[in-house]
>>> print(open('structure.csv').read())   # CSV, C-alpha atoms
chain,number,residue,atom,x,y,z
L,762,MET,CA,23.2,23.4,2.7
L,763,ALA,CA,21.1,20.3,1.7
L,764,ARG,CA,22.9,17.4,0.4
L,765,GLU,CA,21.7,15.8,-2.8
L,766,ALA,CA,20.5,12.2,-2.3
L,767,GLN,CA,22.8,9.6,-3.8
L,768,PRO,CA,21.2,7.0,-6.1
L,769,LEU,CA,20.7,3.6,-4.6
L,770,THR,CA,22.8,0.8,-6.0
L,771,LEU,CA,23.1,-2.9,-5.4
L,772,ARG,CA,26.7,-2.2,-4.2
L,773,GLU,CA,25.3,0.2,-1.6
L,774,VAL,CA,22.6,-2.4,-0.6
L,775,ALA,CA,25.4,-5.0,-0.2
L,776,ARG,CA,27.5,-2.5,1.9
L,777,VAL,CA,24.6,-1.8,4.3
L,778,ALA,CA,23.7,-5.5,4.5
L,779,GLY,CA,27.3,-6.3,5.3
L,780,VAL,CA,27.8,-8.7,2.4
L,781,SER,CA,30.2,-8.7,-0.5
L,782,HIS,CA,29.4,-6.3,-3.3
L,783,GLY,CA,28.7,-9.2,-5.6
L,784,ALA,CA,26.3,-11.0,-3.2
L,785,PRO,CA,23.1,-9.3,-4.3
L,786,TYR,CA,23.7,-10.3,-7.9
L,787,HIS,CA,23.3,-13.9,-6.9
L,788,HIS,CA,19.7,-13.2,-6.1
L,789,PHE,CA,18.8,-10.2,-8.3
L,790,ALA,CA,19.9,-9.3,-11.8
L,791,SER,CA,19.5,-5.6,-11.2
L,792,LEU,CA,18.5,-3.0,-8.6
L,793,ASN,CA,15.0,-2.8,-10.2
L,794,ASP,CA,14.6,-6.6,-9.7
L,795,LEU,CA,15.4,-6.1,-6.0
L,796,LEU,CA,13.0,-3.2,-5.7
L,797,ALA,CA,10.3,-5.2,-7.5
L,798,ALA,CA,10.8,-8.0,-5.0
L,799,VAL,CA,10.4,-5.5,-2.1
L,800,ALA,CA,7.3,-4.0,-3.7
L,801,GLN,CA,5.9,-7.5,-4.3
L,802,HIS,CA,6.4,-8.4,-0.7
L,803,GLY,CA,4.6,-5.2,0.3
L,804,PHE,CA,1.6,-6.2,-1.9
L,805,GLU,CA,1.6,-9.7,-0.4
L,806,ILE,CA,1.4,-8.2,3.1
L,807,LEU,CA,-1.3,-5.8,2.0
L,808,GLY,CA,-3.2,-8.6,0.4
L,809,GLU,CA,-3.1,-10.7,3.6
L,810,SER,CA,-4.4,-7.7,5.6
L,811,MET,CA,-7.2,-7.3,3.1
L,812,LYS,CA,-8.0,-11.0,3.2
L,813,VAL,CA,-8.5,-10.7,7.0
L,814,ALA,CA,-10.6,-7.5,6.5
L,815,VAL,CA,-13.0,-9.1,4.1
L,816,ALA,CA,-13.9,-11.8,6.5
L,817,ALA,CA,-16.4,-9.5,8.2
L,818,PRO,CA,-20.0,-10.7,7.6
L,819,ASP,CA,-21.5,-7.3,6.9
L,820,SER,CA,-20.6,-5.7,3.6
L,821,ARG,CA,-20.3,-2.2,5.0
L,822,GLU,CA,-18.1,-3.4,7.8
L,823,ARG,CA,-15.9,-5.2,5.1
L,824,LEU,CA,-15.4,-1.9,3.3
L,825,ARG,CA,-14.6,-0.1,6.6
L,826,ARG,CA,-12.0,-2.8,7.5
L,827,VAL,CA,-10.5,-2.8,4.1
L,828,SER,CA,-9.9,0.9,4.3
L,829,GLN,CA,-8.4,0.7,7.7
L,830,ALA,CA,-6.2,-2.2,6.8
L,831,TYR,CA,-4.9,-0.3,3.8
L,832,VAL,CA,-4.0,2.8,5.8
L,833,ASP,CA,-2.5,0.6,8.6
L,834,CYS,CA,-0.2,-1.2,6.2
L,835,ALA,CA,0.9,2.2,4.7
L,836,LEU,CA,1.6,3.7,8.0
L,837,ALA,CA,3.5,0.6,9.3
L,838,HIS,CA,6.0,0.8,6.4
L,839,PRO,CA,5.8,4.2,4.7
L,840,ALA,CA,8.9,3.8,2.5
L,841,ARG,CA,7.8,0.4,1.2
L,842,PHE,CA,4.3,1.9,0.6
L,843,ARG,CA,5.8,4.7,-1.5
L,844,LEU,CA,7.9,2.1,-3.4
L,845,MET,CA,4.9,0.0,-4.1
L,846,PHE,CA,2.9,2.8,-5.6
L,847,GLY,CA,5.8,4.7,-7.2
L,848,PRO,CA,7.4,4.2,-10.6
L,849,MET,CA,7.9,0.5,-9.8
L,850,LEU,CA,4.2,-0.1,-10.1
L,851,ALA,CA,4.2,1.5,-13.5
L,852,SER,CA,6.6,-1.1,-14.7
L,853,LYS,CA,4.8,-4.1,-13.1
L,854,ASP,CA,4.3,-5.7,-16.5
L,855,GLN,CA,8.1,-6.3,-16.5
L,856,HIS,CA,7.7,-8.1,-13.1
L,857,PRO,CA,4.9,-10.7,-13.3
L,858,SER,CA,5.1,-11.7,-9.6
L,859,LEU,CA,4.8,-8.0,-8.6
L,860,LYS,CA,1.8,-7.6,-11.0
L,861,ALA,CA,0.1,-10.7,-9.6
L,862,ALA,CA,0.6,-9.6,-6.0
L,863,ALA,CA,-0.8,-6.1,-6.7
L,864,GLN,CA,-3.8,-7.5,-8.6
L,865,ARG,CA,-4.5,-9.9,-5.7
L,866,ALA,CA,-4.5,-7.1,-3.2
L,867,PHE,CA,-6.8,-5.0,-5.3
L,868,GLY,CA,-9.0,-8.0,-5.9
L,869,PHE,CA,-10.0,-8.0,-2.2
L,870,VAL,CA,-11.0,-4.3,-2.4
L,871,LEU,CA,-13.1,-5.1,-5.6
L,872,ALA,CA,-14.7,-8.2,-4.1
L,873,ALA,CA,-15.7,-6.2,-0.9
L,874,ALA,CA,-17.2,-3.4,-3.1
L,875,ASN,CA,-19.0,-5.8,-5.4
L,876,ALA,CA,-20.5,-7.6,-2.4
L,877,HIS,CA,-21.8,-4.3,-1.1
L,878,ASP,CA,-23.1,-3.0,-4.4
L,879,SER,CA,-22.9,-5.3,-7.4
L,880,ALA,CA,-24.1,-2.7,-9.8
L,881,HIS,CA,-21.5,-0.1,-8.9
L,882,GLY,CA,-18.8,-2.2,-7.3
L,883,ALA,CA,-15.9,-1.0,-9.5
L,884,GLU,CA,-16.7,2.6,-8.9
L,885,LEU,CA,-17.1,2.0,-5.2
L,886,ALA,CA,-13.8,0.1,-5.1
L,887,LEU,CA,-12.0,3.0,-6.8
L,888,ALA,CA,-13.6,5.6,-4.5
L,889,GLY,CA,-12.6,3.6,-1.4
L,890,TRP,CA,-9.1,2.9,-2.7
L,891,SER,CA,-8.6,6.5,-3.6
L,892,MET,CA,-9.7,7.7,-0.2
L,893,ALA,CA,-7.5,5.2,1.6
L,894,HIS,CA,-4.5,5.9,-0.6
L,895,GLY,CA,-4.8,9.6,-0.3
L,896,LEU,CA,-5.4,9.5,3.4
L,897,SER,CA,-2.3,7.2,3.7
L,898,HIS,CA,-0.1,9.8,2.0
L,899,LEU,CA,-1.6,12.7,4.0
L,900,LEU,CA,-0.9,10.9,7.3
L,901,ILE,CA,2.6,9.8,6.2
L,902,ASP,CA,3.4,13.4,5.2
L,903,GLY,CA,2.0,14.8,8.4
L,904,ALA,CA,-0.5,17.0,6.6
L,905,PHE,CA,-3.0,17.0,9.4
L,906,GLU,CA,-0.5,18.3,12.1
L,907,GLY,CA,-1.7,21.6,13.3
L,908,LEU,CA,-5.1,21.4,11.8
L,909,PRO,CA,-8.2,21.7,14.1
L,910,LEU,CA,-9.0,18.0,13.9
L,911,LYS,CA,-8.8,17.2,17.6
L,912,SER,CA,-11.9,14.9,17.6
L,913,LEU,CA,-10.5,12.7,14.8
L,914,SER,CA,-7.9,10.1,15.7
L,915,PRO,CA,-5.4,9.2,13.0
L,916,ASP,CA,-5.6,5.6,14.2
L,917,THR,CA,-9.2,5.3,13.2
L,918,LEU,CA,-9.5,8.0,10.6
L,919,ALA,CA,-9.8,5.6,7.7
L,920,ARG,CA,-12.7,3.8,9.4
L,921,THR,CA,-14.4,7.1,10.3
L,922,LEU,CA,-14.1,8.4,6.7
L,923,SER,CA,-15.3,5.0,5.3
L,924,GLU,CA,-18.4,5.2,7.5
L,925,ARG,CA,-19.1,8.6,6.0
L,926,MET,CA,-18.5,7.4,2.5
L,927,PHE,CA,-20.2,4.0,2.6
L,928,GLY,CA,-22.9,4.8,5.2
>>> encode(input="structure.csv", output="structure tokens")
Amino acid sequence: MAREAQPLTLREVARVAGVSHGAPYHHFASLNDLLAAVAQHGFEILGESMKVAVAAPDSRERLRRVSQAYVDCALAHPARFRLMFGPMLASKDQHPSLKAAAQRAFGFVLAAANAHDSAHGAELALAGWSMAHGLSHLLIDGAFEGLPLKSLSPDTLARTLSERMFG
């Protein structure tokens, strides 16, 4: 019989961290504040990966690298990725630092898309983000296991699909 997942509490976080049950409250007012800080850190890491990706001189290569960086970040820390884009993101207005980190990360996607096609940059950014985001979830969930995709490497799939999408 499957066990129901227990809700996460700051007390449980403290127990796992090996500190007193009151210790997290010295740093975070609530569990949501702790989760927002974790999500913010994830967006900061994603933003730094995007910053490196957009250094490519060719605009198409920037888009390819941005897509690959996005998927690589998601696969490196799938639980954090799910947190970043879960309900916490919907409440980012309550956490200004989280909002700023998320906007900065997307800013790199938008800048790369605008550099490639200034007339349609926003649509291109959304298409690339949607592709990379969906691909990330599919890879994390193991959706491609057992499919006849032998010639496609999960390690370079974002880049391959970006090449198809962006030319």
>>> residues_near_point(input="structure.csv", point="(-19.6, -3.1, 0.5)", cutoff="9 Å", atoms="all atoms listed in the file", output="JSON, numbers by chain")
{"L": [819, 820, 821, 822, 823, 824, 825, 872, 873, 874, 875, 876, 877, 878, 879, 882, 885, 886, 927]}
>>> write_last_selection(input="structure.csv", atoms="C-alpha atoms", output="PDB file, in the coordinates of the input")
ATOM      1  CA  ASP L 819     -21.500  -7.300   6.900  1.00  0.00           C
ATOM      2  CA  SER L 820     -20.600  -5.700   3.600  1.00  0.00           C
ATOM      3  CA  ARG L 821     -20.300  -2.200   5.000  1.00  0.00           C
ATOM      4  CA  GLU L 822     -18.100  -3.400   7.800  1.00  0.00           C
ATOM      5  CA  ARG L 823     -15.900  -5.200   5.100  1.00  0.00           C
ATOM      6  CA  LEU L 824     -15.400  -1.900   3.300  1.00  0.00           C
ATOM      7  CA  ARG L 825     -14.600  -0.100   6.600  1.00  0.00           C
ATOM      8  CA  ALA L 872     -14.700  -8.200  -4.100  1.00  0.00           C
ATOM      9  CA  ALA L 873     -15.700  -6.200  -0.900  1.00  0.00           C
ATOM     10  CA  ALA L 874     -17.200  -3.400  -3.100  1.00  0.00           C
ATOM     11  CA  ASN L 875     -19.000  -5.800  -5.400  1.00  0.00           C
ATOM     12  CA  ALA L 876     -20.500  -7.600  -2.400  1.00  0.00           C
ATOM     13  CA  HIS L 877     -21.800  -4.300  -1.100  1.00  0.00           C
ATOM     14  CA  ASP L 878     -23.100  -3.000  -4.400  1.00  0.00           C
ATOM     15  CA  SER L 879     -22.900  -5.300  -7.400  1.00  0.00           C
ATOM     16  CA  GLY L 882     -18.800  -2.200  -7.300  1.00  0.00           C
ATOM     17  CA  LEU L 885     -17.100   2.000  -5.200  1.00  0.00           C
ATOM     18  CA  ALA L 886     -13.800   0.100  -5.100  1.00  0.00           C
ATOM     19  CA  PHE L 927     -20.200   4.000   2.600  1.00  0.00           C
TER      20      PHE L 927
END
>>> residues_around(input="structure.csv", residues="Ala840 (chain L)", least_positions_apart="5", cutoff="12 Å", atoms="only C-alpha atoms", output="list in words")
Leu796, Val799, Ala800, Gly803, Cys834, Ala835, Met845, Phe846, Gly847, Ser897, His898, Ile901 and Asp902 of chain L
>>> closest_residue(input="structure.csv", among="L:Leu844, L:Leu836, L:Val780, L:Leu859", to="Gly903 (chain L)", atoms="all atoms listed in the file")
L:Leu836
>>> residues_around(input="structure.csv", residues="Met811 (chain L)", least_positions_apart="2", cutoff="12 Å", atoms="only C-alpha atoms", output="count of residues only")
34
>>> closest_residue(input="structure.csv", among="L:His802, L:Leu795, L:Leu899, L:Gly779", to="Arg841 (chain L)", atoms="only C-alpha atoms")
L:His802
>>> atom_distance(input="structure.csv", atom1="CA of Ser923 (chain L)", atom2="CA of Leu896 (chain L)")
11.0 Å
>>> atom_distance(input="structure.csv", atom1="CA of Leu910 (chain L)", atom2="CA of Glu884 (chain L)")
28.6 Å
>>> atom_distance(input="structure.csv", atom1="CA of Lys853 (chain L)", atom2="CA of Leu900 (chain L)")
26.0 Å
>>> closest_residue(input="structure.csv", among="L:His881, L:His894, L:Ala888, L:Leu922", to="Arg843 (chain L)", atoms="all atoms listed in the file")
L:His894
>>> closest_residue(input="structure.csv", among="L:Leu887, L:Leu792, L:Ala904, L:Ala837", to="Met849 (chain L)", atoms="all atoms listed in the file")
L:Leu792
>>> closest_residue(input="structure.csv", among="L:Lys812, L:Pro818, L:Gly783, L:Pro857", to="Ala798 (chain L)", atoms="all atoms listed in the file")
L:Pro857
